[in-house]
$ cat query.pdb   # PDB, C-alpha atoms
ATOM      1  CA  MET Q   8      12.144 -27.995  18.317
ATOM      2  CA  THR Q   9      12.259 -24.202  17.975
ATOM      3  CA  GLN Q  10       9.945 -22.387  20.370
ATOM      4  CA  THR Q  11       7.919 -19.482  18.977
ATOM      5  CA  ASP Q  12       7.660 -16.354  21.098
ATOM      6  CA  PRO Q  13       3.896 -15.799  21.643
ATOM      7  CA  ASN Q  14       4.526 -12.028  21.728
ATOM      8  CA  THR Q  15       6.092 -12.044  18.261
ATOM      9  CA  PRO Q  16       3.541 -11.548  15.454
ATOM     10  CA  PRO Q  17       3.560 -14.216  12.727
ATOM     11  CA  ARG Q  18       5.700 -13.421   9.723
ATOM     12  CA  LEU Q  19       3.513 -12.455   6.790
ATOM     13  CA  THR Q  20       6.117 -12.026   4.049
ATOM     14  CA  ASN Q  21       9.020 -14.249   3.101
ATOM     15  CA  ARG Q  22      11.634 -11.592   2.356
ATOM     16  CA  ASP Q  23      13.867 -13.987   0.415
ATOM     17  CA  GLN Q  24      11.010 -14.905  -1.910
ATOM     18  CA  LEU Q  25      10.049 -11.242  -2.238
ATOM     19  CA  ALA Q  26      13.614 -10.426  -3.327
ATOM     20  CA  ARG Q  27      13.506 -13.223  -5.916
ATOM     21  CA  ASN Q  28      10.163 -11.958  -7.208
ATOM     22  CA  ARG Q  29      11.470  -8.421  -7.543
ATOM     23  CA  ALA Q  30      14.595  -9.620  -9.345
ATOM     24  CA  ARG Q  31      12.325 -11.098 -12.042
ATOM     25  CA  ALA Q  32      10.511  -7.801 -12.652
ATOM     26  CA  THR Q  33      10.967  -6.144 -16.024
ATOM     27  CA  PRO Q  34      10.919  -2.450 -16.982
ATOM     28  CA  GLU Q  35       7.679  -2.842 -18.945
ATOM     29  CA  GLY Q  36       6.077  -4.609 -15.981
ATOM     30  CA  LEU Q  37       6.766  -1.753 -13.577
ATOM     31  CA  PHE Q  38       4.137   0.603 -14.980
ATOM     32  CA  LEU Q  39       2.333   0.828 -11.635
ATOM     33  CA  GLN Q  40       5.573   1.738  -9.863
ATOM     34  CA  ASN Q  41       6.087   4.506 -12.430
ATOM     35  CA  LEU Q  42       2.489   5.640 -12.051
ATOM     36  CA  ALA Q  43       2.774   5.735  -8.246
ATOM     37  CA  ALA Q  44       6.061   7.671  -8.348
ATOM     38  CA  ASP Q  45       4.599  10.222 -10.756
ATOM     39  CA  GLU Q  46       1.481  10.612  -8.612
ATOM     40  CA  VAL Q  47       3.558  11.206  -5.461
ATOM     41  CA  GLN Q  48       5.587  13.802  -7.351
ATOM     42  CA  ASP Q  49       2.401  15.547  -8.489
ATOM     43  CA  ARG Q  50       0.992  15.574  -4.946
ATOM     44  CA  LEU Q  51       4.178  17.108  -3.596
ATOM     45  CA  THR Q  52       3.789  20.056  -5.983
ATOM     46  CA  GLU Q  53       0.547  20.862  -4.137
ATOM     47  CA  VAL Q  54       2.390  21.155  -0.810
ATOM     48  CA  ASN Q  55       3.559  24.692  -0.112
ATOM     49  CA  ARG Q  56       7.010  23.578   0.941
ATOM     50  CA  THR Q  57      10.464  23.106  -0.585
ATOM     51  CA  PHE Q  58      12.078  19.855   0.524
ATOM     52  CA  THR Q  59      15.867  19.779   0.570
ATOM     53  CA  LYS Q  60      16.596  16.509   2.395
ATOM     54  CA  PRO Q  61      14.261  13.850   0.960
ATOM     55  CA  ALA Q  62      14.508  10.083   1.352
ATOM     56  CA  VAL Q  63      12.625   7.308  -0.453
ATOM     57  CA  VAL Q  64      11.984   3.811   0.906
ATOM     58  CA  THR Q  65      11.384   1.373  -1.949
ATOM     59  CA  GLY Q  66      11.891  -2.097  -3.328
ATOM     60  CA  PHE Q  67      12.515  -0.656  -6.800
ATOM     61  CA  PRO Q  68      15.299   1.931  -6.464
ATOM     62  CA  GLU Q  69      15.756   2.430 -10.213
ATOM     63  CA  ILE Q  70      12.181   3.698 -10.639
ATOM     64  CA  TRP Q  71      11.998   5.956  -7.606
ATOM     65  CA  GLY Q  72      15.593   7.132  -7.902
ATOM     66  CA  GLU Q  73      14.877   8.384 -11.413
ATOM     67  CA  THR Q  74      11.802  10.299 -10.279
ATOM     68  CA  PHE Q  75      13.515  11.698  -7.155
ATOM     69  CA  PRO Q  76      17.196  12.026  -8.163
ATOM     70  CA  ASN Q  77      18.120  14.168  -5.146
ATOM     71  CA  ALA Q  78      16.697  11.764  -2.580
ATOM     72  CA  LYS Q  79      18.469   9.186  -0.463
ATOM     73  CA  ILE Q  80      17.147   5.826  -1.683
ATOM     74  CA  VAL Q  81      16.904   3.079   0.939
ATOM     75  CA  ALA Q  82      15.642  -0.491   0.768
ATOM     76  CA  ASP Q  83      12.372  -1.424   2.464
ATOM     77  CA  ASN Q  84      14.117  -3.785   4.892
ATOM     78  CA  ASN Q  85      12.663  -4.484   8.328
ATOM     79  CA  THR Q  86      15.154  -1.938   9.700
ATOM     80  CA  LEU Q  87      15.333   1.147   7.502
ATOM     81  CA  ASP Q  88      18.698   2.751   6.780
ATOM     82  CA  LEU Q  89      17.516   6.190   7.890
ATOM     83  CA  GLU Q  90      19.185   8.523  10.386
ATOM     84  CA  VAL Q  91      17.071  10.040  13.126
ATOM     85  CA  GLY Q  92      15.915  13.567  12.236
ATOM     86  CA  ALA Q  93      17.900  13.666   8.998
ATOM     87  CA  HIS Q  94      15.134  14.285   6.434
ATOM     88  CA  ASP Q  95      12.393  16.823   5.851
ATOM     89  CA  LEU Q  96      10.554  14.401   3.535
ATOM     90  CA  VAL Q  97      10.269  10.608   3.653
ATOM     91  CA  ILE Q  98       8.437   8.755   0.868
ATOM     92  CA  HIS Q  99       7.472   5.096   1.182
ATOM     93  CA  GLY Q 100       7.211   3.991  -2.433
ATOM     94  CA  LEU Q 101       4.671   1.233  -3.160
ATOM     95  CA  SER Q 102       6.201  -1.433  -0.944
ATOM     96  CA  LEU Q 103       4.580  -0.974   2.463
ATOM     97  CA  HIS Q 104       1.969  -3.654   1.677
ATOM     98  CA  TRP Q 105       4.735  -6.281   1.926
ATOM     99  CA  ALA Q 106       5.983  -5.097   5.334
ATOM    100  CA  ASN Q 107       5.830  -7.621   8.153
ATOM    101  CA  ASP Q 108       5.478  -4.684  10.555
ATOM    102  CA  PRO Q 109       3.902  -1.723   8.726
ATOM    103  CA  VAL Q 110       3.487   0.326  11.910
ATOM    104  CA  GLY Q 111       7.174  -0.223  12.655
ATOM    105  CA  GLN Q 112       8.032   1.043   9.187
ATOM    106  CA  LEU Q 113       5.941   4.168   9.741
ATOM    107  CA  ILE Q 114       7.499   4.795  13.157
ATOM    108  CA  GLN Q 115      10.983   4.529  11.664
ATOM    109  CA  ALA Q 116       9.987   6.961   8.905
ATOM    110  CA  LYS Q 117       8.626   9.427  11.485
ATOM    111  CA  ARG Q 118      11.826   9.234  13.530
ATOM    112  CA  ALA Q 119      13.836  10.057  10.415
ATOM    113  CA  LEU Q 120      11.898  13.287   9.910
ATOM    114  CA  THR Q 121      12.774  16.724  11.157
ATOM    115  CA  PRO Q 122      10.016  18.460  13.180
ATOM    116  CA  ASP Q 123       7.145  19.320  10.810
ATOM    117  CA  GLY Q 124       8.670  17.039   8.178
ATOM    118  CA  LEU Q 125       6.345  15.290   5.735
ATOM    119  CA  PHE Q 126       5.722  11.578   5.264
ATOM    120  CA  MET Q 127       4.010  10.417   2.084
ATOM    121  CA  GLY Q 128       3.460   6.744   1.417
ATOM    122  CA  VAL Q 129       1.698   4.803  -1.312
ATOM    123  CA  MET Q 130       0.741   1.156  -1.095
ATOM    124  CA  PHE Q 131      -1.737  -1.309  -2.533
ATOM    125  CA  GLY Q 132      -5.047  -1.273  -0.668
ATOM    126  CA  GLY Q 133      -7.876  -3.681  -0.039
ATOM    127  CA  GLN Q 134      -9.588  -3.506  -3.444
ATOM    128  CA  THR Q 135      -6.408  -4.552  -5.258
ATOM    129  CA  LEU Q 136      -6.944  -7.752  -7.260
ATOM    130  CA  ALA Q 137     -10.388  -8.179  -5.695
ATOM    131  CA  GLU Q 138     -11.583  -9.956  -8.837
ATOM    132  CA  LEU Q 139      -8.697 -12.428  -8.945
ATOM    133  CA  ARG Q 140      -8.990 -13.060  -5.213
ATOM    134  CA  ALA Q 141     -12.698 -13.893  -5.553
ATOM    135  CA  VAL Q 142     -12.213 -16.197  -8.541
ATOM    136  CA  LEU Q 143      -9.254 -18.068  -7.055
ATOM    137  CA  SER Q 144     -11.182 -18.643  -3.829
ATOM    138  CA  GLU Q 145     -14.278 -19.820  -5.667
ATOM    139  CA  VAL Q 146     -12.428 -22.264  -7.899
ATOM    140  CA  GLU Q 147     -10.201 -23.599  -5.129
ATOM    141  CA  ILE Q 148     -13.119 -24.283  -2.787
ATOM    142  CA  GLU Q 149     -14.906 -26.141  -5.558
ATOM    143  CA  THR Q 150     -11.891 -28.230  -6.588
ATOM    144  CA  THR Q 151     -10.145 -28.896  -3.250
ATOM    145  CA  GLY Q 152     -12.700 -28.041  -0.568
ATOM    146  CA  GLY Q 153     -10.363 -25.529   1.076
ATOM    147  CA  LEU Q 154      -8.417 -22.304   0.691
ATOM    148  CA  SER Q 155      -4.705 -21.534   0.574
ATOM    149  CA  PRO Q 156      -2.913 -18.159   0.826
ATOM    150  CA  ARG Q 157      -2.439 -17.081  -2.778
ATOM    151  CA  ILE Q 158      -2.835 -13.280  -2.667
ATOM    152  CA  LEU Q 159      -1.443 -10.903  -0.067
ATOM    153  CA  PRO Q 160      -4.122  -9.598   2.330
ATOM    154  CA  MET Q 161      -4.302  -5.817   1.991
ATOM    155  CA  GLY Q 162      -5.727  -3.240   4.370
ATOM    156  CA  GLU Q 163      -8.790  -1.107   3.810
ATOM    157  CA  ILE Q 164      -8.310   2.638   3.657
ATOM    158  CA  ARG Q 165      -9.788   3.299   7.121
ATOM    159  CA  ASP Q 166      -7.452   0.768   8.726
ATOM    160  CA  LEU Q 167      -4.445   2.105   6.828
ATOM    161  CA  GLY Q 168      -5.233   5.656   7.914
ATOM    162  CA  ALA Q 169      -5.347   4.430  11.514
ATOM    163  CA  LEU Q 170      -1.779   3.144  11.122
ATOM    164  CA  LEU Q 171      -0.614   6.754  10.708
ATOM    165  CA  GLN Q 172      -2.236   7.660  14.020
ATOM    166  CA  ARG Q 173      -0.719   4.647  15.752
ATOM    167  CA  ALA Q 174       2.713   5.680  14.463
ATOM    168  CA  GLY Q 175       2.271   9.148  15.979
ATOM    169  CA  PHE Q 176       1.904  11.292  12.869
ATOM    170  CA  ALA Q 177       0.127  14.618  13.079
ATOM    171  CA  LEU Q 178      -2.616  15.619  10.607
ATOM    172  CA  PRO Q 179      -2.923  12.100   9.110
ATOM    173  CA  VAL Q 180      -4.759  11.702   5.801
ATOM    174  CA  ALA Q 181      -5.477   8.595   3.727
ATOM    175  CA  ASP Q 182      -7.091   8.520   0.296
ATOM    176  CA  SER Q 183      -7.256   6.029  -2.534
ATOM    177  CA  ASP Q 184      -7.044   5.971  -6.312
ATOM    178  CA  LEU Q 185      -8.659   2.895  -7.849
ATOM    179  CA  ARG Q 186      -7.203   1.989 -11.241
ATOM    180  CA  GLU Q 187      -8.646  -0.638 -13.577
ATOM    181  CA  VAL Q 188      -6.417  -2.497 -16.041
ATOM    182  CA  THR Q 189      -7.677  -4.871 -18.715
ATOM    183  CA  TYR Q 190      -6.076  -8.167 -19.742
ATOM    184  CA  GLY Q 191      -6.748 -10.857 -22.294
ATOM    185  CA  SER Q 192      -7.193 -13.516 -19.596
ATOM    186  CA  ALA Q 193      -6.537 -14.305 -15.948
ATOM    187  CA  THR Q 194      -3.385 -16.120 -17.058
ATOM    188  CA  ALA Q 195      -2.138 -12.899 -18.662
ATOM    189  CA  LEU Q 196      -2.848 -11.032 -15.410
ATOM    190  CA  ILE Q 197      -0.936 -13.600 -13.345
ATOM    191  CA  ARG Q 198       1.950 -13.385 -15.816
ATOM    192  CA  ASP Q 199       1.927  -9.591 -15.511
ATOM    193  CA  LEU Q 200       2.105  -9.825 -11.716
ATOM    194  CA  ARG Q 201       5.353 -11.721 -12.213
ATOM    195  CA  LEU Q 202       6.686  -8.914 -14.419
ATOM    196  CA  MET Q 203       5.705  -6.427 -11.701
ATOM    197  CA  GLY Q 204       7.613  -8.347  -9.037
ATOM    198  CA  GLU Q 205       4.291  -8.754  -7.188
ATOM    199  CA  ARG Q 206       3.809 -12.519  -7.300
ATOM    200  CA  ASN Q 207       2.980 -14.436  -4.126
ATOM    201  CA  ALA Q 208       5.666 -13.909  -1.463
ATOM    202  CA  LEU Q 209       3.576 -14.939   1.530
ATOM    203  CA  ASP Q 210       5.497 -16.958   4.073
ATOM    204  CA  GLN Q 211       2.753 -19.615   4.220
ATOM    205  CA  ARG Q 212       2.213 -19.803   0.467
ATOM    206  CA  HIS Q 213       1.834 -23.086  -1.402
ATOM    207  CA  THR Q 214       4.894 -23.614  -3.574
ATOM    208  CA  ALA Q 215       3.334 -26.149  -5.974
ATOM    209  CA  PRO Q 216       2.559 -24.592  -9.389
ATOM    210  CA  LEU Q 217      -1.060 -24.230 -10.458
ATOM    211  CA  SER Q 218      -2.288 -27.088 -12.634
ATOM    212  CA  ARG Q 219      -3.468 -26.513 -16.182
ATOM    213  CA  ALA Q 220      -6.997 -27.609 -15.235
ATOM    214  CA  PHE Q 221      -7.070 -25.160 -12.323
ATOM    215  CA  LEU Q 222      -5.881 -22.274 -14.512
ATOM    216  CA  THR Q 223      -8.439 -23.139 -17.190
ATOM    217  CA  ALA Q 224     -11.202 -23.016 -14.597
ATOM    218  CA  VAL Q 225      -9.896 -19.675 -13.286
ATOM    219  CA  ASN Q 226      -9.733 -18.204 -16.804
ATOM    220  CA  ASN Q 227     -13.290 -19.285 -17.586
ATOM    221  CA  ARG Q 228     -14.752 -18.115 -14.278
ATOM    222  CA  TYR Q 229     -12.943 -14.763 -14.421
ATOM    223  CA  ALA Q 230     -14.202 -14.077 -17.946
ATOM    224  CA  GLN Q 231     -17.758 -14.861 -16.824
ATOM    225  CA  HIS Q 232     -17.750 -12.674 -13.719
ATOM    226  CA  PHE Q 233     -15.482  -9.731 -14.606
ATOM    227  CA  PRO Q 234     -15.528  -9.062 -18.347
ATOM    228  CA  ALA Q 235     -14.250  -5.743 -19.669
ATOM    229  CA  SER Q 236     -15.403  -6.614 -23.185
ATOM    230  CA  SER Q 237     -16.058  -9.726 -25.229
ATOM    231  CA  ASP Q 238     -12.382 -10.731 -25.086
ATOM    232  CA  ARG Q 239     -10.927  -8.787 -22.131
ATOM    233  CA  ILE Q 240     -11.164  -8.940 -18.331
ATOM    234  CA  THR Q 241     -10.825  -6.227 -15.672
ATOM    235  CA  ALA Q 242      -8.316  -6.161 -12.812
ATOM    236  CA  SER Q 243      -8.415  -3.530 -10.059
ATOM    237  CA  PHE Q 244      -5.375  -1.940  -8.425
ATOM    238  CA  ASP Q 245      -6.179   0.194  -5.381
ATOM    239  CA  LEU Q 246      -3.444   2.771  -4.721
ATOM    240  CA  VAL Q 247      -3.768   4.107  -1.168
ATOM    241  CA  PHE Q 248      -1.863   7.297  -0.341
ATOM    242  CA  LEU Q 249      -0.900   7.997   3.266
ATOM    243  CA  THR Q 250       0.174  11.475   4.374
ATOM    244  CA  GLY Q 251       1.258  12.656   7.795
ATOM    245  CA  TRP Q 252       3.548  15.187   9.452
ATOM    246  CA  ALA Q 253       6.141  14.812  12.154
ATOM    247  CA  PRO Q 254       4.656  16.615  15.183
ATOM    248  CA  ASP Q 255       5.705  20.218  15.746
ATOM    249  CA  GLU Q 256       4.442  23.060  17.950
ATOM    250  CA  SER Q 257       3.782  25.224  14.888
ATOM    251  CA  GLN Q 258       1.055  22.896  13.592
ATOM    252  CA  PRO Q 259      -2.651  23.716  14.076
ATOM    253  CA  LYS Q 260      -4.270  21.977  17.032
ATOM    254  CA  PRO Q 261      -7.938  21.325  17.840
ATOM    255  CA  LEU Q 262      -9.581  23.638  20.371
ATOM    256  CA  ARG Q 263     -10.294  22.349  23.848
ATOM    257  CA  PRO Q 264     -13.948  21.354  24.462
ATOM    258  CA  GLY Q 265     -15.903  24.326  25.797
ATOM    259  CA  SER Q 266     -13.372  26.923  24.635
ATOM    260  CA  ALA Q 267     -15.486  28.365  21.813
ATOM    261  CA  ALA Q 268     -15.919  32.159  21.973
ATOM    262  CA  ALA Q 269     -19.157  32.288  19.932
ATOM    263  CA  ARG Q 270     -22.340  30.230  19.729
ATOM    264  CA  LEU Q 271     -23.101  28.102  16.661
ATOM    265  CA  ALA Q 272     -26.686  29.405  16.714
ATOM    266  CA  ASP Q 273     -25.439  32.981  16.329
ATOM    267  CA  ALA Q 274     -23.230  32.001  13.402
ATOM    268  CA  LEU Q 275     -26.197  30.303  11.693
ATOM    269  CA  GLY Q 276     -28.632  33.085  12.549
ATOM    270  CA  THR Q 277     -31.086  30.745  14.280
ATOM    271  CA  ASP Q 278     -32.622  30.443  17.736
ATOM    272  CA  GLU Q 279     -31.073  28.023  20.189
ATOM    273  CA  ASN Q 280     -33.520  25.498  21.606
ATOM    274  CA  LYS Q 281     -32.294  23.672  24.679
ATOM    275  CA  LEU Q 282     -33.106  20.011  24.981
ATOM    276  CA  SER Q 283     -35.280  18.982  27.899
ATOM    277  CA  ASP Q 284     -33.718  16.829  30.594
TER
END

$ encode --input "query.pdb" --output "structure tokens"
Amino acid sequence: MTQTDPNTPPRLTNRDQLARNRARATPEGLFLQNLAADEVQDRLTEVNRTFTKPAVVTGFPEIWGETFPNAKIVADNNTLDLEVGAHDLVIHGLSLHWANDPVGQLIQAKRALTPDGLFMGVMFGGQTLAELRAVLSEVEIETTGGLSPRILPMGEIRDLGALLQRAGFALPVADSDLREVTYGSATALIRDLRLMGERNALDQRHTAPLSRAFLTAVNNRYAQHFPASSDRITASFDLVFLTGWAPDESQPKPLRPGSAAARLADALGTDENKLSD
């Protein structure tokens, strides 16, 4: 029997299954990858910096390579093919949610940056597929009395922002862009997830296909709870953007406590009232 190291975190993603899922993706199904790449490109135009040595970490090199033709494109493997200090910009392109060790991915990205280099990542956040998650759970509890891992657990924005701090980035920022997409049915949404390469790749997933009765119940319940119109449903995709800088002495730093040269009361033009002991 193989012994499991108690210090090793459980594997979340089956990388072989993830590769198979991505191989089934189609160009028309990758609209969210295109949207994310375009949004990252737009955000970079707001940064007062010219980047000459960019790199992109992604599971879909054709999409991100087209948007960033001068970048080194590397796969989102557990160990990233990035040289230490070789890049002034590292982008993690809509694949970090599948990482077994997201902090490790961020640390590797930071090590690949020059001092004061920029990291920008985009990943699916906690509100992604919230409707489908709720309906699947509800129907499965009713029909089987239990729950199985069917949708990847995704972090909330506060937790994802904390990952940047844990990885050692300076000036970390996290923000989200919630997009709603409509479909004809839950079955159409599940089919579209296959075209995106985003079907279930959890290591502990159930491999048995969903029964027709189960899917019918999911379709009906979804239409009842999350209608977009009389014949459409709504699905949410939460794009979380993570931004941080490789530490450098030139970056602004917070003042030490007690080092202020002026009183807040003077700045506000008010009297200072001391609190009683």

$ residues_around --input "query.pdb" --residues "segment 171-185 of chain Q" --least-positions-apart "4" --cutoff "9 Å" --atoms "all atoms listed in the file" --output "MDAnalysis selection string"
chainID Q and resid 110:115 117 123 126 132 134:135 164:165 167 243:255 258:259

$ closest_residue --input "query.pdb" --among "Q:Val91, Q:Glu53, Q:Leu101, Q:Phe75" --to "Arg118 of chain Q" --atoms "only C-alpha atoms"
Q:Val91

$ atom_distance --input "query.pdb" --atom1 "atom CA of Asp210 of chain Q" --atom2 "atom CA of Asp23 of chain Q"
9.6 Å

$ axis_aligned_box --input "query.pdb" --around "segment 45-52 of chain Q" --padding-each-side "8 Å" --output "JSON"
{"center_x": 3.3, "center_y": 15.1, "center_z": -7.2, "size_x": 20.6, "size_y": 25.8, "size_z": 23.2}

$ resolve_selection --input "query.pdb" --expression "the PyMOL selection byres ((chain Q and resi 236-241) around 8)" --output "JSON, numbers by chain"
{"Q": [138, 187, 188, 189, 190, 191, 192, 193, 229, 230, 233, 234, 235, 242, 243]}

$ closest_residue --input "query.pdb" --among "Q:Phe67, Q:Phe221, Q:Trp105, Q:Phe131" --to "Leu209 of chain Q" --atoms "only C-alpha atoms"
Q:Trp105

$ atom_distance --input "query.pdb" --atom1 "atom CA of Thr57 of chain Q" --atom2 "atom CA of Leu89 of chain Q"
20.2 Å

$ resolve_selection --input "query.pdb" --expression "the PyMOL selection byres ((chain Q and resi 141) around 12)" --output "PDB file with C-alpha atoms, keeping the file's coordinate frame"
ATOM      1  CA  GLN Q 134      -9.588  -3.506  -3.444  1.00  0.00           C
ATOM      2  CA  THR Q 135      -6.408  -4.552  -5.258  1.00  0.00           C
ATOM      3  CA  LEU Q 136      -6.944  -7.752  -7.260  1.00  0.00           C
ATOM      4  CA  ALA Q 137     -10.388  -8.179  -5.695  1.00  0.00           C
ATOM      5  CA  GLU Q 138     -11.583  -9.956  -8.837  1.00  0.00           C
ATOM      6  CA  LEU Q 139      -8.697 -12.428  -8.945  1.00  0.00           C
ATOM      7  CA  ARG Q 140      -8.990 -13.060  -5.213  1.00  0.00           C
ATOM      8  CA  VAL Q 142     -12.213 -16.197  -8.541  1.00  0.00           C
ATOM      9  CA  LEU Q 143      -9.254 -18.068  -7.055  1.00  0.00           C
ATOM     10  CA  SER Q 144     -11.182 -18.643  -3.829  1.00  0.00           C
ATOM     11  CA  GLU Q 145     -14.278 -19.820  -5.667  1.00  0.00           C
ATOM     12  CA  VAL Q 146     -12.428 -22.264  -7.899  1.00  0.00           C
ATOM     13  CA  GLU Q 147     -10.201 -23.599  -5.129  1.00  0.00           C
ATOM     14  CA  ILE Q 148     -13.119 -24.283  -2.787  1.00  0.00           C
ATOM     15  CA  LEU Q 154      -8.417 -22.304   0.691  1.00  0.00           C
ATOM     16  CA  ARG Q 157      -2.439 -17.081  -2.778  1.00  0.00           C
ATOM     17  CA  ILE Q 158      -2.835 -13.280  -2.667  1.00  0.00           C
ATOM     18  CA  VAL Q 225      -9.896 -19.675 -13.286  1.00  0.00           C
ATOM     19  CA  ARG Q 228     -14.752 -18.115 -14.278  1.00  0.00           C
ATOM     20  CA  TYR Q 229     -12.943 -14.763 -14.421  1.00  0.00           C
ATOM     21  CA  HIS Q 232     -17.750 -12.674 -13.719  1.00  0.00           C
ATOM     22  CA  PHE Q 233     -15.482  -9.731 -14.606  1.00  0.00           C
ATOM     23  CA  ALA Q 242      -8.316  -6.161 -12.812  1.00  0.00           C
TER      24      ALA Q 242
END

$ atom_distance --input "query.pdb" --atom1 "atom CA of Gly152 of chain Q" --atom2 "atom CA of Asp199 of chain Q"
27.9 Å

$ resolve_selection --input "query.pdb" --expression "the PyMOL selection byres ((chain Q and resi 70) around 12)" --output "PyMOL selection string"
chain Q and resi 32-45+63-69+71-76+80+100-101

$ closest_residue --input "query.pdb" --among "Q:Arg31, Q:Gln24, Q:Leu96, Q:Asn207" --to "Leu51 of chain Q" --atoms "all atoms listed in the file"
Q:Leu96
